[in-house]
>>> print(open('start38.cif').read())   # mmCIF, N, CA and C atoms
data_input
loop_
_atom_site.group_PDB
_atom_site.id
_atom_site.type_symbol
_atom_site.label_atom_id
_atom_site.label_comp_id
_atom_site.auth_asym_id
_atom_site.auth_seq_id
_atom_site.Cartn_x
_atom_site.Cartn_y
_atom_site.Cartn_z
ATOM 1 N N PRO A 1 2.691 -7.101 -45.314
ATOM 2 C CA PRO A 1 1.405 -7.803 -45.360
ATOM 3 C C PRO A 1 1.460 -9.110 -44.573
ATOM 4 N N THR A 2 0.349 -9.449 -43.971
ATOM 5 C CA THR A 2 0.293 -10.680 -43.188
ATOM 6 C C THR A 2 -0.008 -11.887 -44.053
ATOM 7 N N ALA A 3 -0.488 -11.668 -45.287
ATOM 8 C CA ALA A 3 -0.818 -12.777 -46.192
ATOM 9 C C ALA A 3 -0.495 -12.384 -47.623
ATOM 10 N N GLN A 4 -0.330 -13.374 -48.483
ATOM 11 C CA GLN A 4 -0.032 -13.136 -49.897
ATOM 12 C C GLN A 4 -1.176 -13.652 -50.764
ATOM 13 N N ALA A 5 -1.183 -13.215 -52.011
ATOM 14 C CA ALA A 5 -2.161 -13.699 -52.988
ATOM 15 C C ALA A 5 -1.938 -15.193 -53.209
ATOM 16 N N THR A 6 -2.981 -15.882 -53.653
ATOM 17 C CA THR A 6 -2.885 -17.319 -53.896
ATOM 18 C C THR A 6 -3.510 -17.658 -55.245
ATOM 19 N N ALA A 7 -3.375 -18.904 -55.648
ATOM 20 C CA ALA A 7 -4.044 -19.465 -56.829
ATOM 21 C C ALA A 7 -3.761 -18.673 -58.109
ATOM 22 N N LEU A 8 -2.488 -18.478 -58.412
ATOM 23 C CA LEU A 8 -2.091 -17.782 -59.631
ATOM 24 C C LEU A 8 -2.432 -18.628 -60.853
ATOM 25 N N ASN A 9 -3.157 -18.044 -61.796
ATOM 26 C CA ASN A 9 -3.527 -18.708 -63.050
ATOM 27 C C ASN A 9 -2.957 -17.901 -64.203
ATOM 28 N N LEU A 10 -2.248 -18.565 -65.118
ATOM 29 C CA LEU A 10 -1.610 -17.889 -66.248
ATOM 30 C C LEU A 10 -2.173 -18.401 -67.562
ATOM 31 N N ASN A 11 -2.334 -17.484 -68.516
ATOM 32 C CA ASN A 11 -2.791 -17.815 -69.866
ATOM 33 C C ASN A 11 -1.768 -17.254 -70.852
ATOM 34 N N PRO A 12 -0.765 -18.048 -71.233
ATOM 35 C CA PRO A 12 0.299 -17.544 -72.110
ATOM 36 C C PRO A 12 -0.067 -17.605 -73.586
ATOM 37 N N SER A 13 0.542 -16.714 -74.340
ATOM 38 C CA SER A 13 0.552 -16.762 -75.804
ATOM 39 C C SER A 13 2.008 -16.557 -76.198
ATOM 40 N N PRO A 14 2.359 -16.614 -77.472
ATOM 41 C CA PRO A 14 3.775 -16.484 -77.830
ATOM 42 C C PRO A 14 4.439 -15.183 -77.356
ATOM 43 N N THR A 15 3.698 -14.076 -77.277
ATOM 44 C CA THR A 15 4.328 -12.805 -76.914
ATOM 45 C C THR A 15 3.658 -12.091 -75.749
ATOM 46 N N SER A 16 2.745 -12.765 -75.044
ATOM 47 C CA SER A 16 2.077 -12.126 -73.907
ATOM 48 C C SER A 16 1.615 -13.174 -72.902
ATOM 49 N N ILE A 17 1.301 -12.683 -71.712
ATOM 50 C CA ILE A 17 0.737 -13.524 -70.657
ATOM 51 C C ILE A 17 -0.343 -12.712 -69.957
ATOM 52 N N SER A 18 -1.520 -13.295 -69.819
ATOM 53 C CA SER A 18 -2.529 -12.694 -68.952
ATOM 54 C C SER A 18 -2.671 -13.618 -67.753
ATOM 55 N N GLY A 19 -3.097 -13.054 -66.655
ATOM 56 C CA GLY A 19 -3.225 -13.875 -65.475
ATOM 57 C C GLY A 19 -4.126 -13.246 -64.439
ATOM 58 N N PHE A 20 -4.491 -14.055 -63.472
ATOM 59 C CA PHE A 20 -5.269 -13.580 -62.340
ATOM 60 C C PHE A 20 -4.932 -14.440 -61.131
ATOM 61 N N TYR A 21 -5.282 -13.940 -59.955
ATOM 62 C CA TYR A 21 -4.981 -14.632 -58.716
ATOM 63 C C TYR A 21 -6.032 -14.268 -57.686
ATOM 64 N N SER A 22 -6.093 -15.056 -56.632
ATOM 65 C CA SER A 22 -7.014 -14.778 -55.533
ATOM 66 C C SER A 22 -6.368 -13.768 -54.589
ATOM 67 N N ALA A 23 -7.170 -12.822 -54.131
ATOM 68 C CA ALA A 23 -6.676 -11.788 -53.226
ATOM 69 C C ALA A 23 -6.215 -12.395 -51.910
ATOM 70 N N ALA A 24 -5.263 -11.739 -51.293
ATOM 71 C CA ALA A 24 -4.800 -12.135 -49.963
ATOM 72 C C ALA A 24 -5.934 -11.927 -48.960
ATOM 73 N N VAL A 25 -5.930 -12.724 -47.887
ATOM 74 C CA VAL A 25 -6.908 -12.558 -46.810
ATOM 75 C C VAL A 25 -6.134 -12.418 -45.519
ATOM 76 N N PRO A 26 -6.153 -11.260 -44.861
ATOM 77 C CA PRO A 26 -6.919 -10.077 -45.224
ATOM 78 C C PRO A 26 -6.366 -9.417 -46.486
ATOM 79 N N ALA A 27 -7.225 -8.697 -47.173
ATOM 80 C CA ALA A 27 -6.871 -8.078 -48.455
ATOM 81 C C ALA A 27 -5.726 -7.080 -48.304
ATOM 82 N N ALA A 28 -4.895 -7.033 -49.328
ATOM 83 C CA ALA A 28 -3.792 -6.069 -49.378
ATOM 84 C C ALA A 28 -4.262 -4.797 -50.083
ATOM 85 N N ASP A 29 -3.589 -3.693 -49.828
ATOM 86 C CA ASP A 29 -3.915 -2.440 -50.519
ATOM 87 C C ASP A 29 -3.590 -2.538 -51.996
ATOM 88 N N GLN A 30 -2.429 -3.124 -52.305
ATOM 89 C CA GLN A 30 -1.990 -3.265 -53.689
ATOM 90 C C GLN A 30 -1.184 -4.547 -53.845
ATOM 91 N N TYR A 31 -1.044 -4.948 -55.118
ATOM 92 C CA TYR A 31 -0.238 -6.110 -55.467
ATOM 93 C C TYR A 31 0.838 -5.687 -56.452
ATOM 94 N N LEU A 32 2.014 -6.256 -56.284
ATOM 95 C CA LEU A 32 3.163 -5.979 -57.128
ATOM 96 C C LEU A 32 3.390 -7.216 -57.993
ATOM 97 N N VAL A 33 3.318 -7.047 -59.321
ATOM 98 C CA VAL A 33 3.527 -8.152 -60.259
ATOM 99 C C VAL A 33 4.865 -7.925 -60.957
ATOM 100 N N ILE A 34 5.720 -8.932 -60.924
ATOM 101 C CA ILE A 34 7.068 -8.845 -61.496
ATOM 102 C C ILE A 34 7.260 -10.004 -62.462
ATOM 103 N N ARG A 35 7.892 -9.741 -63.608
ATOM 104 C CA ARG A 35 8.252 -10.812 -64.545
ATOM 105 C C ARG A 35 9.768 -10.915 -64.586
ATOM 106 N N SER A 36 10.231 -12.148 -64.784
ATOM 107 C CA SER A 36 11.668 -12.385 -64.845
ATOM 108 C C SER A 36 11.937 -13.603 -65.716
ATOM 109 N N THR A 37 13.109 -13.644 -66.327
ATOM 110 C CA THR A 37 13.524 -14.839 -67.052
ATOM 111 C C THR A 37 14.275 -15.793 -66.127
ATOM 112 N N SER A 38 14.421 -15.405 -64.876
ATOM 113 C CA SER A 38 15.058 -16.258 -63.866
ATOM 114 C C SER A 38 13.969 -16.822 -62.940
ATOM 115 N N PRO A 39 14.148 -18.027 -62.436
ATOM 116 C CA PRO A 39 13.148 -18.583 -61.531
ATOM 117 C C PRO A 39 13.182 -18.001 -60.115
ATOM 118 N N THR A 40 14.188 -17.189 -59.831
ATOM 119 C CA THR A 40 14.290 -16.533 -58.525
ATOM 120 C C THR A 40 14.676 -15.074 -58.719
ATOM 121 N N LEU A 41 14.392 -14.255 -57.724
ATOM 122 C CA LEU A 41 14.825 -12.855 -57.733
ATOM 123 C C LEU A 41 15.992 -12.700 -56.769
ATOM 124 N N SER A 42 16.941 -11.861 -57.119
ATOM 125 C CA SER A 42 18.105 -11.655 -56.254
ATOM 126 C C SER A 42 17.798 -10.709 -55.105
ATOM 127 N N ALA A 43 16.670 -10.003 -55.167
ATOM 128 C CA ALA A 43 16.222 -9.116 -54.089
ATOM 129 C C ALA A 43 14.705 -9.170 -54.037
ATOM 130 N N GLN A 44 14.166 -9.059 -52.842
ATOM 131 C CA GLN A 44 12.721 -9.070 -52.644
ATOM 132 C C GLN A 44 12.213 -7.638 -52.476
ATOM 133 N N PRO A 45 10.949 -7.396 -52.775
ATOM 134 C CA PRO A 45 10.401 -6.061 -52.551
ATOM 135 C C PRO A 45 10.428 -5.717 -51.060
ATOM 136 N N VAL A 46 10.502 -4.445 -50.779
ATOM 137 C CA VAL A 46 10.554 -3.965 -49.403
ATOM 138 C C VAL A 46 9.230 -3.279 -49.088
ATOM 139 N N ASP A 47 8.563 -3.726 -48.028
ATOM 140 C CA ASP A 47 7.287 -3.153 -47.619
ATOM 141 C C ASP A 47 7.442 -1.656 -47.368
ATOM 142 N N GLY A 48 6.493 -0.880 -47.857
ATOM 143 C CA GLY A 48 6.516 0.570 -47.677
ATOM 144 C C GLY A 48 7.277 1.306 -48.764
ATOM 145 N N THR A 49 7.908 0.585 -49.703
ATOM 146 C CA THR A 49 8.631 1.195 -50.814
ATOM 147 C C THR A 49 7.698 1.320 -52.010
ATOM 148 N N ASN A 50 7.730 2.456 -52.696
ATOM 149 C CA ASN A 50 6.912 2.650 -53.889
ATOM 150 C C ASN A 50 7.645 2.106 -55.107
ATOM 151 N N TYR A 51 6.952 1.284 -55.886
ATOM 152 C CA TYR A 51 7.498 0.720 -57.114
ATOM 153 C C TYR A 51 6.630 1.183 -58.284
ATOM 154 N N THR A 52 7.242 1.250 -59.476
ATOM 155 C CA THR A 52 6.504 1.663 -60.671
ATOM 156 C C THR A 52 6.747 0.666 -61.797
ATOM 157 N N ALA A 53 5.768 0.567 -62.679
ATOM 158 C CA ALA A 53 5.898 -0.321 -63.833
ATOM 159 C C ALA A 53 7.136 0.050 -64.632
ATOM 160 N N GLY A 54 7.887 -0.961 -65.059
ATOM 161 C CA GLY A 54 9.110 -0.754 -65.816
ATOM 162 C C GLY A 54 10.360 -0.733 -64.951
ATOM 163 N N GLN A 55 10.196 -0.604 -63.662
ATOM 164 C CA GLN A 55 11.325 -0.563 -62.741
ATOM 165 C C GLN A 55 11.941 -1.949 -62.594
ATOM 166 N N SER A 56 13.272 -2.008 -62.504
ATOM 167 C CA SER A 56 13.970 -3.274 -62.256
ATOM 168 C C SER A 56 13.927 -3.598 -60.772
ATOM 169 N N LEU A 57 13.799 -4.883 -60.473
ATOM 170 C CA LEU A 57 13.807 -5.322 -59.081
ATOM 171 C C LEU A 57 14.330 -6.750 -59.021
ATOM 172 N N GLY A 58 15.485 -6.936 -58.434
ATOM 173 C CA GLY A 58 16.037 -8.269 -58.211
ATOM 174 C C GLY A 58 16.284 -9.087 -59.463
ATOM 175 N N GLY A 59 16.530 -8.440 -60.590
ATOM 176 C CA GLY A 59 16.741 -9.141 -61.846
ATOM 177 C C GLY A 59 15.468 -9.325 -62.653
ATOM 178 N N GLY A 60 14.350 -8.837 -62.125
ATOM 179 C CA GLY A 60 13.081 -8.867 -62.838
ATOM 180 C C GLY A 60 12.626 -7.461 -63.170
ATOM 181 N N THR A 61 11.438 -7.369 -63.758
ATOM 182 C CA THR A 61 10.868 -6.075 -64.125
ATOM 183 C C THR A 61 9.465 -5.970 -63.547
ATOM 184 N N VAL A 62 9.199 -4.875 -62.861
ATOM 185 C CA VAL A 62 7.859 -4.619 -62.334
ATOM 186 C C VAL A 62 6.936 -4.375 -63.517
ATOM 187 N N VAL A 63 5.839 -5.120 -63.585
ATOM 188 C CA VAL A 63 4.890 -4.936 -64.682
ATOM 189 C C VAL A 63 3.594 -4.292 -64.222
ATOM 190 N N GLN A 64 3.300 -4.371 -62.925
ATOM 191 C CA GLN A 64 2.062 -3.756 -62.445
ATOM 192 C C GLN A 64 2.117 -3.549 -60.945
ATOM 193 N N VAL A 65 1.611 -2.396 -60.518
ATOM 194 C CA VAL A 65 1.366 -2.111 -59.109
ATOM 195 C C VAL A 65 -0.076 -1.647 -59.051
ATOM 196 N N SER A 66 -0.957 -2.472 -58.458
ATOM 197 C CA SER A 66 -2.378 -2.185 -58.548
ATOM 198 C C SER A 66 -3.144 -2.975 -57.490
ATOM 199 N N SER A 67 -4.369 -2.545 -57.227
ATOM 200 C CA SER A 67 -5.245 -3.311 -56.345
ATOM 201 C C SER A 67 -5.963 -4.420 -57.119
ATOM 202 N N SER A 68 -5.802 -4.433 -58.436
ATOM 203 C CA SER A 68 -6.437 -5.436 -59.288
ATOM 204 C C SER A 68 -5.838 -6.818 -59.037
ATOM 205 N N THR A 69 -6.637 -7.842 -59.215
ATOM 206 C CA THR A 69 -6.146 -9.218 -59.085
ATOM 207 C C THR A 69 -5.988 -9.877 -60.457
ATOM 208 N N SER A 70 -5.853 -9.056 -61.489
ATOM 209 C CA SER A 70 -5.564 -9.573 -62.825
ATOM 210 C C SER A 70 -4.510 -8.687 -63.475
ATOM 211 N N PHE A 71 -3.839 -9.228 -64.492
ATOM 212 C CA PHE A 71 -2.788 -8.468 -65.175
ATOM 213 C C PHE A 71 -2.641 -8.963 -66.600
ATOM 214 N N PHE A 72 -1.978 -8.148 -67.420
ATOM 215 C CA PHE A 72 -1.651 -8.502 -68.797
ATOM 216 C C PHE A 72 -0.253 -8.000 -69.080
ATOM 217 N N ILE A 73 0.612 -8.876 -69.564
ATOM 218 C CA ILE A 73 1.995 -8.528 -69.891
ATOM 219 C C ILE A 73 2.190 -8.788 -71.379
ATOM 220 N N SER A 74 2.599 -7.768 -72.123
ATOM 221 C CA SER A 74 2.831 -7.931 -73.560
ATOM 222 C C SER A 74 4.302 -7.664 -73.886
ATOM 223 N N GLY A 75 4.652 -7.874 -75.143
ATOM 224 C CA GLY A 75 6.013 -7.597 -75.591
ATOM 225 C C GLY A 75 7.030 -8.627 -75.154
ATOM 226 N N LEU A 76 6.580 -9.847 -74.857
ATOM 227 C CA LEU A 76 7.503 -10.900 -74.440
ATOM 228 C C LEU A 76 8.163 -11.556 -75.656
ATOM 229 N N THR A 77 9.308 -12.150 -75.435
ATOM 230 C CA THR A 77 10.047 -12.828 -76.495
ATOM 231 C C THR A 77 9.525 -14.257 -76.644
ATOM 232 N N PRO A 78 9.118 -14.653 -77.853
ATOM 233 C CA PRO A 78 8.626 -16.020 -78.052
ATOM 234 C C PRO A 78 9.668 -17.069 -77.645
ATOM 235 N N ALA A 79 9.193 -18.210 -77.194
ATOM 236 C CA ALA A 79 10.028 -19.359 -76.809
ATOM 237 C C ALA A 79 10.988 -19.029 -75.660
ATOM 238 N N THR A 80 10.610 -18.071 -74.826
ATOM 239 C CA THR A 80 11.402 -17.713 -73.649
ATOM 240 C C THR A 80 10.579 -18.021 -72.402
ATOM 241 N N ALA A 81 11.191 -18.679 -71.429
ATOM 242 C CA ALA A 81 10.499 -18.989 -70.177
ATOM 243 C C ALA A 81 10.526 -17.763 -69.265
ATOM 244 N N TYR A 82 9.374 -17.419 -68.735
ATOM 245 C CA TYR A 82 9.250 -16.308 -67.788
ATOM 246 C C TYR A 82 8.675 -16.832 -66.484
ATOM 247 N N THR A 83 9.102 -16.242 -65.391
ATOM 248 C CA THR A 83 8.522 -16.510 -64.070
ATOM 249 C C THR A 83 7.784 -15.253 -63.646
ATOM 250 N N ILE A 84 6.560 -15.436 -63.149
ATOM 251 C CA ILE A 84 5.749 -14.311 -62.684
ATOM 252 C C ILE A 84 5.688 -14.380 -61.165
ATOM 253 N N PHE A 85 6.013 -13.277 -60.527
ATOM 254 C CA PHE A 85 5.973 -13.163 -59.072
ATOM 255 C C PHE A 85 4.881 -12.176 -58.700
ATOM 256 N N VAL A 86 4.087 -12.496 -57.680
ATOM 257 C CA VAL A 86 3.041 -11.594 -57.199
ATOM 258 C C VAL A 86 3.251 -11.410 -55.700
ATOM 259 N N TYR A 87 3.349 -10.158 -55.282
ATOM 260 C CA TYR A 87 3.535 -9.827 -53.867
ATOM 261 C C TYR A 87 2.415 -8.902 -53.416
ATOM 262 N N ALA A 88 1.872 -9.169 -52.216
ATOM 263 C CA ALA A 88 0.872 -8.276 -51.625
ATOM 264 C C ALA A 88 1.589 -7.086 -51.013
#
>>> encode(input="start38.cif", output="structure tokens")
Amino acid sequence: PTAQATALNLNPSPTSISGFYSAAVPAADQYLVIRSTSPTLSAQPVDGTNYTAGQSLGGGTVVQVSSSTSFFISGLTPATAYTIFVYA
């Protein structure tokens, strides 16, 4: 992709996070949302590779592959810091 999503907004609760972001311009076909307890990923997604929810990637977990610009992540551990990554 030539551009990435911007303006990530998160709404956390003790065991879930909902969020939304602005679409990339030009728009991407899909967005990959990853959660991690680390502030960085040890590997980045590879363009043209198919990913599925629940798959591990770079020390994180894929939570959504979709054209949607919003997401909901449940089942999180209370009092744990998570980093959310969004890739076009």
>>> select_by_dssp(input="start38.cif", residues="range 3-74 of chain A", states="strand (DSSP E)", output="NGL selection string")
:A and (6-12 or 17-22 or 31-36 or 56-57 or 60-66 or 70-73)
>>> residues_around(input="start38.cif", residues="range 72-82 of chain A", least_positions_apart="2", cutoff="8 Å", atoms="all atoms listed in the file", output="ChimeraX atom specification")
/A:13-20,35-39,63-64,70,84-85
>>> residues_around(input="start38.cif", residues="Thr40 in chain A", least_positions_apart="3", cutoff="8 Å", atoms="only N, CA and C atoms", output="list in words")
Ser36, Thr37, Ala43, Gly58, Gly59, Gly60 and Thr83 of chain A
>>> closest_residue(input="start38.cif", among="A:Val65, A:Val86, A:Ser56, A:Leu8", to="Asp29 in chain A", atoms="all atoms listed in the file")
A:Val65
>>> closest_residue(input="start38.cif", among="A:Ala88, A:Tyr21, A:Phe71, A:Ile34", to="Asp47 in chain A", atoms="all atoms listed in the file")
A:Ala88
>>> axis_aligned_box(input="start38.cif", around="range 56-62 of chain A", padding_each_side="8 Å", output="lines of an AutoDock Vina configuration file")
center_x = 11.8
center_y = -5.7
center_z = -61.2
size_x = 25.8
size_y = 23.3
size_z = 21.9
>>> atom_distance(input="start38.cif", atom1="CA of Ala7 in chain A", atom2="CA of Thr49 in chain A")
25.0 Å
>>> atom_distance(input="start38.cif", atom1="atom C of Pro26 in chain A", atom2="atom C of Pro12 in chain A")
29.0 Å
>>> atom_distance(input="start38.cif", atom1="CA of Val62 in chain A", atom2="CA of Val33 in chain A")
6.0 Å
>>> closest_residue(input="start38.cif", among="A:Asn9, A:Ala53, A:Gln44, A:Tyr87", to="Tyr31 in chain A", atoms="only N, CA and C atoms")
A:Tyr87
>>> resolve_selection(input="start38.cif", expression="the PyMOL selection byres (((chain A and resi 25 and name CA) around 12) and name CA)", output="MDAnalysis selection string")
chainID A and resid 1:6 22:24 26:29 88
>>> decode(input="start38.cif", residues="range 47-61 of chain A", atoms="N, CA, C and O atoms", output="PDB file, in the first residue's frame")
ATOM      1  N   ASP A  47       3.134  -7.729   2.330  1.00  0.00           N
ATOM      2  CA  ASP A  47       2.109  -7.422   1.341  1.00  0.00           C
ATOM      3  C   ASP A  47       1.856  -8.638   0.454  1.00  0.00           C
ATOM      4  O   ASP A  47       2.791  -9.327   0.048  1.00  0.00           O
ATOM      5  N   GLY A  48       0.592  -8.926   0.203  1.00  0.00           N
ATOM      6  CA  GLY A  48       0.214 -10.057  -0.640  1.00  0.00           C
ATOM      7  C   GLY A  48       0.057 -11.359   0.123  1.00  0.00           C
ATOM      8  O   GLY A  48      -0.333 -12.368  -0.455  1.00  0.00           O
ATOM      9  N   THR A  49       0.353 -11.373   1.432  1.00  0.00           N
ATOM     10  CA  THR A  49       0.196 -12.560   2.265  1.00  0.00           C
ATOM     11  C   THR A  49      -1.180 -12.536   2.915  1.00  0.00           C
ATOM     12  O   THR A  49      -1.634 -11.488   3.361  1.00  0.00           O
ATOM     13  N   ASN A  50      -1.866 -13.673   2.940  1.00  0.00           N
ATOM     14  CA  ASN A  50      -3.171 -13.763   3.589  1.00  0.00           C
ATOM     15  C   ASN A  50      -2.986 -14.053   5.072  1.00  0.00           C
ATOM     16  O   ASN A  50      -2.259 -14.979   5.441  1.00  0.00           O
ATOM     17  N   TYR A  51      -3.650 -13.264   5.908  1.00  0.00           N
ATOM     18  CA  TYR A  51      -3.615 -13.446   7.353  1.00  0.00           C
ATOM     19  C   TYR A  51      -5.038 -13.721   7.839  1.00  0.00           C
ATOM     20  O   TYR A  51      -6.009 -13.287   7.216  1.00  0.00           O
ATOM     21  N   THR A  52      -5.143 -14.436   8.968  1.00  0.00           N
ATOM     22  CA  THR A  52      -6.457 -14.745   9.536  1.00  0.00           C
ATOM     23  C   THR A  52      -6.474 -14.392  11.018  1.00  0.00           C
ATOM     24  O   THR A  52      -5.437 -14.400  11.681  1.00  0.00           O
ATOM     25  N   ALA A  53      -7.659 -14.072  11.505  1.00  0.00           N
ATOM     26  CA  ALA A  53      -7.817 -13.758  12.925  1.00  0.00           C
ATOM     27  C   ALA A  53      -7.327 -14.923  13.767  1.00  0.00           C
ATOM     28  O   ALA A  53      -7.576 -16.086  13.448  1.00  0.00           O
ATOM     29  N   GLY A  54      -6.589 -14.613  14.830  1.00  0.00           N
ATOM     30  CA  GLY A  54      -6.036 -15.627  15.713  1.00  0.00           C
ATOM     31  C   GLY A  54      -4.613 -16.027  15.357  1.00  0.00           C
ATOM     32  O   GLY A  54      -3.923 -16.657  16.162  1.00  0.00           O
ATOM     33  N   GLN A  55      -4.164 -15.670  14.185  1.00  0.00           N
ATOM     34  CA  GLN A  55      -2.819 -16.009  13.738  1.00  0.00           C
ATOM     35  C   GLN A  55      -1.787 -15.158  14.468  1.00  0.00           C
ATOM     36  O   GLN A  55      -1.994 -13.975  14.714  1.00  0.00           O
ATOM     37  N   SER A  56      -0.648 -15.762  14.814  1.00  0.00           N
ATOM     38  CA  SER A  56       0.460 -15.022  15.428  1.00  0.00           C
ATOM     39  C   SER A  56       1.252 -14.303  14.348  1.00  0.00           C
ATOM     40  O   SER A  56       1.431 -14.822  13.246  1.00  0.00           O
ATOM     41  N   LEU A  57       1.723 -13.110  14.687  1.00  0.00           N
ATOM     42  CA  LEU A  57       2.550 -12.351  13.754  1.00  0.00           C
ATOM     43  C   LEU A  57       3.479 -11.445  14.550  1.00  0.00           C
ATOM     44  O   LEU A  57       3.016 -10.537  15.256  1.00  0.00           O
ATOM     45  N   GLY A  58       4.760 -11.711  14.496  1.00  0.00           N
ATOM     46  CA  GLY A  58       5.759 -10.848  15.120  1.00  0.00           C
ATOM     47  C   GLY A  58       5.625 -10.681  16.620  1.00  0.00           C
ATOM     48  O   GLY A  58       6.003  -9.654  17.160  1.00  0.00           O
ATOM     49  N   GLY A  59       5.062 -11.660  17.308  1.00  0.00           N
ATOM     50  CA  GLY A  59       4.858 -11.569  18.744  1.00  0.00           C
ATOM     51  C   GLY A  59       3.499 -11.007  19.124  1.00  0.00           C
ATOM     52  O   GLY A  59       3.173 -10.875  20.297  1.00  0.00           O
ATOM     53  N   GLY A  60       2.688 -10.677  18.124  1.00  0.00           N
ATOM     54  CA  GLY A  60       1.326 -10.215  18.353  1.00  0.00           C
ATOM     55  C   GLY A  60       0.328 -11.218  17.813  1.00  0.00           C
ATOM     56  O   GLY A  60       0.704 -12.277  17.317  1.00  0.00           O
ATOM     57  N   THR A  61      -0.948 -10.859  17.903  1.00  0.00           N
ATOM     58  CA  THR A  61      -2.019 -11.722  17.411  1.00  0.00           C
ATOM     59  C   THR A  61      -2.908 -10.923  16.472  1.00  0.00           C
ATOM     60  O   THR A  61      -3.360  -9.822  16.817  1.00  0.00           O
TER      61      THR A  61
END
